[in-house]
$ cat coords28.txt   # compact mmCIF, C-alpha atoms and all ligand atoms
# COMPACT_ATOMS: atom_id res chain seq x y z
CA MET J 7 -12.03 -19.42 -9.13
CA ARG J 8 -10.88 -15.85 -9.56
CA GLY J 9 -8.43 -14.41 -7.05
CA ARG J 10 -6.71 -11.07 -6.96
CA PHE J 11 -3.73 -9.22 -5.61
CA ALA J 12 -4.47 -5.53 -5.08
CA PRO J 13 -1.41 -3.56 -3.97
CA SER J 14 -1.28 0.21 -3.55
CA PRO J 15 1.65 1.75 -5.46
CA THR J 16 2.78 3.99 -2.61
CA GLY J 17 6.29 2.57 -2.26
CA TYR J 18 8.50 -0.31 -3.27
CA LEU J 19 7.20 -3.85 -2.77
CA HIS J 20 7.94 -4.85 0.84
CA LEU J 21 7.78 -8.19 2.59
CA GLY J 22 4.24 -7.56 3.84
CA ASN J 23 3.10 -7.17 0.21
CA VAL J 24 5.11 -10.21 -0.86
CA TRP J 25 3.47 -12.33 1.81
CA SER J 26 -0.09 -11.56 0.68
CA ALA J 27 0.85 -11.60 -3.03
CA PHE J 28 2.52 -14.99 -2.59
CA LEU J 29 -0.45 -16.51 -0.77
CA ALA J 30 -3.00 -15.07 -3.23
CA TRP J 31 -0.88 -16.50 -6.05
CA LEU J 32 -0.53 -19.86 -4.24
CA GLN J 33 -4.25 -20.18 -3.56
CA VAL J 34 -5.09 -19.55 -7.22
CA ARG J 35 -2.29 -21.68 -8.66
CA GLN J 36 -3.15 -24.62 -6.39
CA ALA J 37 -6.75 -24.44 -7.62
CA GLY J 38 -5.91 -23.80 -11.28
CA GLY J 39 -7.80 -20.49 -11.23
CA THR J 40 -7.26 -17.00 -12.63
CA LEU J 41 -5.23 -14.37 -10.79
CA VAL J 42 -5.97 -10.67 -11.29
CA LEU J 43 -3.46 -7.91 -10.53
CA ARG J 44 -5.25 -4.68 -9.67
CA ILE J 45 -3.39 -1.47 -8.94
CA GLU J 46 -5.16 0.36 -6.10
CA ASP J 47 -4.08 3.93 -6.68
CA ILE J 48 -7.19 5.88 -5.60
CA ASP J 49 -4.99 7.75 -3.11
CA GLU J 50 -3.77 10.14 -5.77
CA GLN J 51 -1.37 11.96 -3.47
CA ARG J 52 0.55 8.91 -2.29
CA SER J 53 0.35 6.70 -5.39
CA LYS J 54 3.05 6.98 -8.06
CA PRO J 55 3.16 5.33 -11.52
CA LEU J 56 6.86 4.68 -10.81
CA PHE J 57 5.90 2.41 -7.88
CA ALA J 58 3.24 0.60 -9.92
CA LYS J 59 5.87 -0.22 -12.54
CA ALA J 60 8.41 -1.21 -9.87
CA LEU J 61 6.02 -3.52 -8.04
CA MET J 62 5.16 -5.34 -11.26
CA GLU J 63 8.89 -5.77 -11.95
CA ASP J 64 9.45 -7.09 -8.42
CA LEU J 65 6.54 -9.55 -8.67
CA HIS J 66 7.95 -10.78 -12.00
CA TRP J 67 11.36 -11.21 -10.41
CA LEU J 68 9.77 -13.23 -7.59
CA GLY J 69 8.08 -15.44 -10.18
CA LEU J 70 4.58 -14.50 -9.01
CA ASP J 71 2.72 -14.21 -12.30
CA TRP J 72 -0.86 -13.09 -12.99
CA ASP J 73 -3.37 -13.72 -15.75
CA GLU J 74 -5.17 -10.38 -15.97
CA GLY J 75 -3.72 -7.00 -15.13
CA PRO J 76 -2.66 -3.57 -16.40
CA ASP J 77 0.09 -5.02 -18.61
CA LYS J 78 -1.89 -8.07 -19.78
CA GLY J 79 -5.39 -6.72 -20.21
CA GLY J 80 -8.36 -9.04 -19.78
CA PRO J 81 -12.14 -9.04 -19.94
CA PHE J 82 -12.66 -7.18 -16.65
CA GLY J 83 -10.37 -4.19 -17.22
CA PRO J 84 -9.21 -1.59 -16.76
CA TYR J 85 -7.09 -2.94 -13.90
CA ILE J 86 -5.89 0.40 -12.55
CA GLN J 87 -8.29 2.10 -10.15
CA GLN J 88 -7.61 5.62 -11.46
CA GLU J 89 -9.04 4.38 -14.78
CA ARG J 90 -12.17 3.02 -13.11
CA TYR J 91 -13.73 6.21 -11.75
CA ASP J 92 -16.78 5.81 -14.03
CA HIS J 93 -17.51 2.49 -12.26
CA TYR J 94 -17.34 4.19 -8.84
CA ALA J 95 -19.52 7.08 -10.01
CA ALA J 96 -22.12 4.60 -11.29
CA ALA J 97 -22.06 2.76 -7.95
CA LEU J 98 -22.67 6.03 -6.09
CA GLU J 99 -25.58 6.75 -8.44
CA LYS J 100 -27.03 3.36 -7.58
CA LEU J 101 -26.67 3.98 -3.83
CA LYS J 102 -28.32 7.36 -4.33
CA ARG J 103 -31.26 5.77 -6.20
CA LEU J 104 -31.61 3.31 -3.34
CA GLY J 105 -31.84 6.28 -0.96
CA LEU J 106 -28.73 5.16 0.92
CA LEU J 107 -26.34 8.01 0.10
CA TYR J 108 -26.17 11.21 2.14
CA PRO J 109 -23.79 14.12 2.70
CA CYS J 110 -21.89 14.35 5.99
CA TYR J 111 -20.76 17.77 7.18
CA CYS J 112 -19.13 16.67 10.42
CA SER J 113 -15.82 18.27 11.31
CA ARG J 114 -12.75 16.19 11.95
CA ALA J 115 -12.90 17.27 15.59
CA ARG J 116 -16.45 15.97 15.94
CA LEU J 117 -15.55 12.66 14.31
CA GLN J 118 -12.57 12.31 16.62
CA ALA J 119 -14.72 13.06 19.63
CA ILE J 120 -17.10 10.17 18.80
CA GLY J 121 -14.16 7.89 17.92
CA ALA J 122 -13.92 4.28 19.05
CA PRO J 123 -12.25 4.00 22.45
CA HIS J 124 -9.58 1.48 21.47
CA ALA J 125 -6.90 2.11 18.90
CA GLY J 126 -7.32 -0.02 15.82
CA GLU J 127 -11.06 -0.32 16.14
CA HIS J 128 -13.31 1.12 13.52
CA THR J 129 -14.87 4.43 14.38
CA VAL J 130 -18.59 3.85 14.29
CA TYR J 131 -20.27 6.98 12.95
CA ASP J 132 -23.28 8.00 15.02
CA GLY J 133 -25.49 8.91 12.03
CA HIS J 134 -25.53 12.59 13.00
CA CYS J 135 -25.95 13.91 9.43
CA TYR J 136 -28.36 11.20 8.28
CA GLY J 137 -31.31 13.02 9.78
CA LEU J 138 -30.56 16.48 8.33
CA SER J 139 -33.37 17.96 6.28
CA GLU J 140 -32.81 19.35 2.78
CA ARG J 141 -33.11 22.82 4.28
CA GLU J 142 -30.45 22.19 6.87
CA ARG J 143 -28.17 20.76 4.19
CA GLN J 144 -28.55 23.86 2.08
CA LYS J 145 -27.38 26.03 4.97
CA MET J 146 -24.09 24.15 5.26
CA THR J 147 -20.99 25.86 3.95
CA LYS J 148 -18.51 23.01 4.36
CA LYS J 149 -17.98 20.65 1.42
CA PRO J 150 -19.41 17.30 2.56
CA SER J 151 -18.11 13.77 2.41
CA TRP J 152 -20.64 11.16 1.30
CA ARG J 153 -21.74 8.29 3.48
CA VAL J 154 -23.74 5.17 2.80
CA HIS J 155 -26.47 4.35 5.31
CA VAL J 156 -26.23 0.77 6.56
CA PRO J 157 -29.28 -1.16 7.79
CA ARG J 158 -29.47 -2.90 11.14
CA ARG J 159 -28.45 -6.24 9.72
CA THR J 160 -26.14 -9.05 10.72
CA ILE J 161 -23.64 -10.21 8.12
CA SER J 162 -22.40 -13.77 8.58
CA PHE J 163 -19.31 -15.08 6.87
CA THR J 164 -16.68 -17.72 7.44
CA ASP J 165 -13.09 -16.71 6.94
CA THR J 166 -10.96 -19.60 5.69
CA VAL J 167 -8.33 -18.96 8.37
CA TYR J 168 -10.12 -17.12 11.21
CA GLY J 169 -13.41 -18.99 11.14
CA PRO J 170 -17.03 -17.81 11.45
CA PHE J 171 -18.07 -14.19 12.10
CA GLU J 172 -21.40 -12.51 12.75
CA GLU J 173 -21.23 -8.74 12.51
CA GLU J 174 -24.11 -6.36 12.98
CA LEU J 175 -23.51 -3.48 10.54
CA THR J 176 -24.67 -0.60 12.70
CA ARG J 177 -22.33 -1.80 15.44
CA CYS J 178 -19.28 -2.91 13.47
CA CYS J 179 -19.01 -0.01 11.03
CA GLY J 180 -22.06 2.26 11.02
CA ASP J 181 -22.68 4.59 8.07
CA PHE J 182 -19.34 4.76 6.28
CA VAL J 183 -17.67 7.19 3.87
CA VAL J 184 -17.78 6.21 0.21
CA ARG J 185 -16.56 9.51 -1.20
CA ARG J 186 -14.37 11.92 0.67
CA ALA J 187 -14.81 15.68 0.88
CA ASP J 188 -11.75 16.10 -1.35
CA ASP J 189 -13.63 14.09 -4.04
CA MET J 190 -11.47 10.99 -3.67
CA TYR J 191 -13.35 7.72 -3.74
CA ALA J 192 -13.01 5.78 -0.50
CA TYR J 193 -11.16 2.47 -0.33
CA GLN J 194 -14.30 0.67 0.92
CA LEU J 195 -16.25 1.73 -2.16
CA ALA J 196 -13.53 1.13 -4.77
CA VAL J 197 -12.55 -2.29 -3.44
CA SER J 198 -16.18 -3.47 -3.21
CA VAL J 199 -17.05 -2.25 -6.70
CA ASP J 200 -13.93 -3.84 -8.15
CA ASP J 201 -14.19 -7.19 -6.37
CA GLY J 202 -17.83 -7.32 -7.50
CA ALA J 203 -17.38 -6.06 -11.07
CA MET J 204 -14.25 -8.17 -11.66
CA ALA J 205 -16.20 -11.27 -10.51
CA ILE J 206 -13.60 -12.07 -7.86
CA SER J 207 -14.59 -15.31 -6.11
CA HIS J 208 -11.68 -15.51 -3.62
CA VAL J 209 -10.17 -12.59 -1.73
CA LEU J 210 -6.94 -13.23 0.15
CA ARG J 211 -5.34 -10.35 2.07
CA GLY J 212 -3.85 -9.26 5.38
CA GLU J 213 -5.67 -9.80 8.65
CA ASP J 214 -5.81 -6.01 9.15
CA LEU J 215 -8.71 -5.95 6.67
CA LEU J 216 -10.78 -8.62 8.44
CA SER J 217 -12.66 -5.84 10.25
CA SER J 218 -13.70 -4.30 6.89
CA THR J 219 -15.10 -7.53 5.51
CA ALA J 220 -18.71 -7.36 6.75
CA GLN J 221 -19.27 -3.89 5.31
CA GLN J 222 -17.69 -4.91 1.99
CA ILE J 223 -19.89 -8.02 1.75
CA TRP J 224 -22.94 -5.86 2.38
CA LEU J 225 -21.88 -3.23 -0.17
CA ILE J 226 -21.04 -5.82 -2.83
CA GLU J 227 -24.49 -7.39 -2.35
CA THR J 228 -26.22 -4.02 -2.33
CA LEU J 229 -24.56 -3.14 -5.63
CA GLY J 230 -25.94 -6.36 -7.10
CA TYR J 231 -22.83 -8.54 -7.15
CA GLU J 232 -21.99 -11.91 -5.66
CA PRO J 233 -19.66 -11.53 -2.64
CA PRO J 234 -16.42 -13.52 -2.73
CA SER J 235 -15.16 -15.89 -0.05
CA TYR J 236 -12.48 -14.46 2.23
CA THR J 237 -9.11 -15.68 3.45
CA HIS J 238 -7.29 -13.34 5.81
CA VAL J 239 -3.68 -14.10 6.59
CA PRO J 240 -1.65 -13.14 9.66
CA MET J 241 0.49 -10.01 9.49
CA LEU J 242 4.27 -10.15 9.34
CA ILE J 243 5.93 -8.33 12.25
CA ASP J 244 9.50 -7.56 13.26
CA THR J 245 11.04 -8.59 16.58
CA ALA J 246 9.75 -5.36 18.18
CA GLY J 247 6.19 -6.19 17.11
CA ASN J 248 5.94 -3.60 14.29
CA ARG J 249 4.10 -4.60 11.18
CA LEU J 250 6.40 -5.14 8.24
CA SER J 251 3.78 -3.62 5.97
CA LYS J 252 4.22 -0.22 7.56
CA ARG J 253 6.29 1.85 5.17
CA GLN J 254 8.85 2.86 7.75
CA HIS J 255 9.61 -0.76 8.70
CA GLY J 256 9.29 -2.42 5.32
CA ILE J 257 12.13 -4.59 4.12
CA THR J 258 11.84 -4.19 0.35
CA VAL J 259 12.27 -6.89 -2.25
CA ARG J 260 14.76 -4.61 -3.98
CA SER J 261 17.02 -4.38 -0.96
CA LEU J 262 17.00 -8.16 -0.48
CA ARG J 263 17.72 -8.68 -4.15
CA GLN J 264 20.65 -6.25 -3.96
CA GLN J 265 22.01 -8.27 -1.04
CA GLY J 266 21.99 -11.34 -3.28
CA VAL J 267 18.98 -13.08 -1.73
CA THR J 268 17.12 -15.17 -4.30
CA ALA J 269 13.38 -15.13 -5.00
CA GLU J 270 13.10 -18.78 -3.94
CA ALA J 271 14.85 -18.02 -0.64
CA ILE J 272 12.40 -15.21 0.14
CA LEU J 273 9.29 -17.23 -0.66
CA SER J 274 10.61 -20.42 0.98
CA HIS J 275 11.37 -18.57 4.19
CA LEU J 276 7.94 -16.93 4.27
CA ALA J 277 6.28 -20.30 3.62
CA TYR J 278 8.25 -21.89 6.45
CA ALA J 279 7.73 -19.00 8.89
CA GLY J 280 3.99 -19.11 8.18
CA GLY J 281 3.82 -22.84 8.84
CA LEU J 282 2.86 -23.77 5.28
CA VAL J 283 5.82 -26.12 4.91
CA THR J 284 7.48 -28.06 7.73
CA GLU J 285 11.08 -28.18 6.58
CA SER J 286 13.37 -25.12 6.51
CA ARG J 287 15.01 -25.26 3.10
CA ILE J 288 14.90 -23.63 -0.32
CA TYR J 289 11.94 -24.77 -2.39
CA SER J 290 11.35 -24.08 -6.08
CA LEU J 291 8.10 -22.32 -6.99
CA GLU J 292 6.70 -25.62 -8.32
CA GLU J 293 7.53 -27.33 -5.03
CA LEU J 294 5.85 -24.54 -3.08
CA VAL J 295 2.67 -24.92 -5.14
CA GLN J 296 2.75 -28.69 -4.52
CA GLN J 297 3.77 -28.71 -0.88
CA CYS J 298 2.32 -25.63 0.84
CA ASN J 299 -0.66 -26.59 2.96
CA PHE J 300 -3.08 -23.77 3.76
CA LYS J 301 -4.57 -25.80 6.61
CA ARG J 302 -1.27 -25.41 8.47
CA LEU J 303 -1.14 -21.62 8.08
CA ARG J 304 -0.64 -19.94 11.46
CA ARG J 305 -3.14 -17.41 12.80
CA GLU J 306 -0.82 -15.41 15.01
CA PRO J 307 1.38 -12.62 13.64
CA ILE J 308 4.55 -14.02 12.11
CA VAL J 309 7.86 -12.68 13.37
CA ILE J 310 10.47 -12.07 10.68
CA ARG J 311 13.99 -11.62 12.05
CA PRO J 312 16.32 -9.19 10.28
CA ASP J 313 18.85 -11.94 9.55
CA SER J 314 16.24 -14.40 8.22
CA PHE J 315 17.27 -13.79 4.64
CA SER J 316 21.02 -13.74 5.12
CA LYS J 317 23.08 -15.72 2.66
CA LYS J 318 23.58 -18.63 5.04
CA PHE J 319 19.95 -19.48 4.47
CA ASP J 320 20.65 -19.38 0.81
CA VAL J 321 23.14 -22.29 0.50
N1 LIG V 1 -4.86 -1.99 -1.60
C1 LIG V 1 -4.88 -2.55 -0.29
C2 LIG V 1 -3.48 -2.56 0.30
O1 LIG V 1 -2.51 -2.36 -0.40
C3 LIG V 1 -5.41 -3.96 -0.28
C4 LIG V 1 -6.88 -3.99 -0.34
C5 LIG V 1 -7.48 -5.37 -0.25
O2 LIG V 1 -6.79 -6.38 -0.44
O3 LIG V 1 -8.68 -5.42 -0.04
O4 LIG V 1 -3.33 -2.78 1.47
ZN ZN V 2 -21.81 13.98 9.69

$ encode --input "coords28.txt" --output "structure tokens" --more "lines below"
Ligand code: GLU
Ligand code: ZN
Amino acid sequence: MRGRFAPSPTGYLHLGNVWSAFLAWLQVRQAGGTLVLRIEDIDEQRSKPLFAKALMEDLHWLGLDWDEGPDKGGPFGPYIQQERYDHYAAALEKLKRLGLLYPCYCSRARLQAIGAPHAGEHTVYDGHCYGLSERERQKMTKKPSWRVHVPRRTISFTDTVYGPFEEELTRCCGDFVVRRADDMYAYQLAVSVDDGAMAISHVLRGEDLLSSTAQQIWLIETLGYEPPSYTHVPMLIDTAGNRLSKRQHGITVRSLRQQGVTAEAILSHLAYAGGLVTESRIYSLEELVQQCNFKRLRREPIVIRPDSFSKKFDV
């Protein structure tokens, strides 16, 4: 099995990252597989090399090691998305050859107007620009984004934690952006190309990406790769219900470390809060690999209290 951890270097490693890194690491280590570290820095404005370096240091400090990555190399490199643009360009070429790629000239206002009614739901694009003729396209002055045209097809998959899903592509995502008008490659494209090209067999990540899974499976297949199996894990939230992964709420590994909290204390508490172990105590990494039981993982968001990592837990 080949798993991966794919953080975006837009800030210091926070507990939300640690939670998914830890579980991706655990899943691979329990199975004796290979773990890939991939730096997802396609957002060129928000990503900083400084943060990529810092998150690798923090993962090392936590004891969460990987087998292939920017610092280690490996047969599926490069492992930094900004060095993989030729792969994304080739994927767009393939979609173009398949007749699935088209320019979208819609304004932000128009896209907002057709937006999904409930916050958090995917906006399903109405296909407005799919039908434009070559002549109409030539009259456009705006620089387009590029969308991939999805067929009316139902994608079935079984998430290890959240069970079976059947998603009809034109209803769950519609034609989606693969390259933005500012030339940046879209997350959906980069992640699908990379999971496919890096032969990832097991994706483990936060539950917030469950709703992107059907479109990624379809894109991975369309590009000629074998789709991985998926394990989505519940989000960590604070007592007010805010996600700990949100930058403004993130408790960072660095701040905990400065307070004298140990790596084992952090991982042991997360394992206990998530239901993976039944006893609240400090476990070594070896014990966590032996004793964590994925079948007991909770499905509901996991509340992390601000004092959870205080020293008293540490004795
Ligand atoms: N880079 C994404 C993030 O930091 C994760 C993407 C994924 O796991 O598919 O949230
Ligand atoms: Zn459009």

$ residues_near_ligand --input "coords28.txt" --ligand "ligand LIG 1 (chain V)" --cutoff "9 Å" --atoms "only C-alpha atoms and all ligand atoms" --output "list of chain:residue names"
J:Arg10, J:Phe11, J:Ala12, J:Pro13, J:Ser14, J:Pro15, J:Thr16, J:Asn23, J:Ser26, J:Arg44, J:Ile45, J:Glu46, J:Asp47, J:Tyr193, J:Gln194, J:Val197, J:Ser198, J:Asp201, J:Val209, J:Leu210, J:Arg211, J:Gly212, J:Asp214, J:Leu215, J:Ser218, J:Thr219, J:Ser251

$ closest_residue --input "coords28.txt" --among "J:Thr129, J:Ile288, J:Leu70, J:Trp31" --to "Val267 of chain J" --atoms "only C-alpha atoms"
J:Ile288

$ residues_near_ligand --input "coords28.txt" --ligand "ligand ZN 2 (chain V)" --cutoff "12 Å" --atoms "only C-alpha atoms and all ligand atoms" --output "ChimeraX atom specification"
/J:108-118,120,130-138,143,146,148-155,180-183,186-187

$ closest_residue --input "coords28.txt" --among "J:Pro84, J:Gly17, J:Gly247, J:Gly169" --to "Pro307 of chain J" --atoms "only C-alpha atoms"
J:Gly247

$ closest_residue --input "coords28.txt" --among "J:Arg305, J:Phe82, J:Gln51, J:Gln144" --to "Asp165 of chain J" --atoms "all atoms listed in the file"
J:Arg305

$ atom_distance --input "coords28.txt" --atom1 "atom CA of Trp224 of chain J" --atom2 "atom CA of Phe163 of chain J"
10.9 Å

$ atom_distance --input "coords28.txt" --atom1 "atom CA of Gln296 of chain J" --atom2 "atom CA of Gln36 of chain J"
7.4 Å

$ closest_residue --input "coords28.txt" --among "J:Val156, J:Tyr236, J:Val259, J:Ile308" --to "Leu107 of chain J" --atoms "only C-alpha atoms"
J:Val156

$ residues_around --input "coords28.txt" --residues "Leu101 of chain J" --least-positions-apart "3" --cutoff "12 Å" --atoms "all atoms listed in the file" --output "number ranges by chain"
J: 94-98, 104-108, 152-156, 184-185, 195, 199, 225-230

$ residues_around --input "coords28.txt" --residues "Glu270 of chain J" --least-positions-apart "2" --cutoff "12 Å" --atoms "all atoms listed in the file" --output "VMD selection string"
chain J and resid 28 67 to 70 262 to 263 266 to 268 272 to 278 287 to 294 315 319 to 321

$ atom_distance --input "coords28.txt" --atom1 "atom CA of Phe57 of chain J" --atom2 "atom CA of Leu19 of chain J"
8.2 Å

$ closest_residue --input "coords28.txt" --among "J:Ala271, J:Ile86, J:Phe300, J:Arg141" --to "His238 of chain J" --atoms "all atoms listed in the file"
J:Phe300

$ closest_residue --input "coords28.txt" --among "J:Cys298, J:His66, J:Glu173, J:Pro234" --to "Gly202 of chain J" --atoms "all atoms listed in the file"
J:Pro234

$ build_atoms --input "coords28.txt" --residues "segment 298-310 of chain J" --atoms "N, CA, C and O atoms" --output "PDB file, in the frame of the given file"
ATOM      1  N   CYS J 298       2.886 -26.532  -0.180  1.00  0.00           N
ATOM      2  CA  CYS J 298       2.320 -25.630   0.840  1.00  0.00           C
ATOM      3  C   CYS J 298       0.899 -26.074   1.198  1.00  0.00           C
ATOM      4  O   CYS J 298       0.077 -26.337   0.329  1.00  0.00           O
ATOM      5  N   ASN J 299       0.650 -26.143   2.489  1.00  0.00           N
ATOM      6  CA  ASN J 299      -0.660 -26.590   2.960  1.00  0.00           C
ATOM      7  C   ASN J 299      -1.330 -25.453   3.740  1.00  0.00           C
ATOM      8  O   ASN J 299      -0.906 -25.113   4.848  1.00  0.00           O
ATOM      9  N   PHE J 300      -2.382 -24.896   3.138  1.00  0.00           N
ATOM     10  CA  PHE J 300      -3.080 -23.770   3.760  1.00  0.00           C
ATOM     11  C   PHE J 300      -3.664 -24.123   5.130  1.00  0.00           C
ATOM     12  O   PHE J 300      -3.825 -23.263   5.981  1.00  0.00           O
ATOM     13  N   LYS J 301      -3.980 -25.398   5.318  1.00  0.00           N
ATOM     14  CA  LYS J 301      -4.570 -25.800   6.610  1.00  0.00           C
ATOM     15  C   LYS J 301      -3.577 -25.621   7.758  1.00  0.00           C
ATOM     16  O   LYS J 301      -3.972 -25.540   8.913  1.00  0.00           O
ATOM     17  N   ARG J 302      -2.287 -25.567   7.422  1.00  0.00           N
ATOM     18  CA  ARG J 302      -1.270 -25.410   8.470  1.00  0.00           C
ATOM     19  C   ARG J 302      -0.897 -23.945   8.712  1.00  0.00           C
ATOM     20  O   ARG J 302      -0.070 -23.655   9.573  1.00  0.00           O
ATOM     21  N   LEU J 303      -1.489 -23.038   7.935  1.00  0.00           N
ATOM     22  CA  LEU J 303      -1.140 -21.620   8.080  1.00  0.00           C
ATOM     23  C   LEU J 303      -1.422 -21.151   9.512  1.00  0.00           C
ATOM     24  O   LEU J 303      -2.479 -21.417  10.079  1.00  0.00           O
ATOM     25  N   ARG J 304      -0.447 -20.439  10.099  1.00  0.00           N
ATOM     26  CA  ARG J 304      -0.640 -19.940  11.460  1.00  0.00           C
ATOM     27  C   ARG J 304      -1.640 -18.798  11.482  1.00  0.00           C
ATOM     28  O   ARG J 304      -1.862 -18.144  10.476  1.00  0.00           O
ATOM     29  N   ARG J 305      -2.211 -18.535  12.653  1.00  0.00           N
ATOM     30  CA  ARG J 305      -3.140 -17.410  12.800  1.00  0.00           C
ATOM     31  C   ARG J 305      -2.513 -16.227  13.508  1.00  0.00           C
ATOM     32  O   ARG J 305      -3.023 -15.123  13.440  1.00  0.00           O
ATOM     33  N   GLU J 306      -1.454 -16.487  14.246  1.00  0.00           N
ATOM     34  CA  GLU J 306      -0.820 -15.410  15.010  1.00  0.00           C
ATOM     35  C   GLU J 306       0.108 -14.630  14.084  1.00  0.00           C
ATOM     36  O   GLU J 306       0.583 -15.166  13.086  1.00  0.00           O
ATOM     37  N   PRO J 307       0.406 -13.373  14.438  1.00  0.00           N
ATOM     38  CA  PRO J 307       1.380 -12.620  13.640  1.00  0.00           C
ATOM     39  C   PRO J 307       2.694 -13.396  13.518  1.00  0.00           C
ATOM     40  O   PRO J 307       3.096 -14.110  14.443  1.00  0.00           O
ATOM     41  N   ILE J 308       3.344 -13.251  12.399  1.00  0.00           N
ATOM     42  CA  ILE J 308       4.550 -14.020  12.110  1.00  0.00           C
ATOM     43  C   ILE J 308       5.772 -13.120  12.236  1.00  0.00           C
ATOM     44  O   ILE J 308       5.873 -12.092  11.555  1.00  0.00           O
ATOM     45  N   VAL J 309       6.678 -13.503  13.129  1.00  0.00           N
ATOM     46  CA  VAL J 309       7.860 -12.680  13.370  1.00  0.00           C
ATOM     47  C   VAL J 309       8.928 -12.985  12.317  1.00  0.00           C
ATOM     48  O   VAL J 309       9.291 -14.141  12.103  1.00  0.00           O
ATOM     49  N   ILE J 310       9.385 -11.935  11.659  1.00  0.00           N
ATOM     50  CA  ILE J 310      10.470 -12.070  10.680  1.00  0.00           C
ATOM     51  C   ILE J 310      11.698 -11.390  11.276  1.00  0.00           C
ATOM     52  O   ILE J 310      11.678 -10.197  11.587  1.00  0.00           O
TER      53      ILE J 310
END
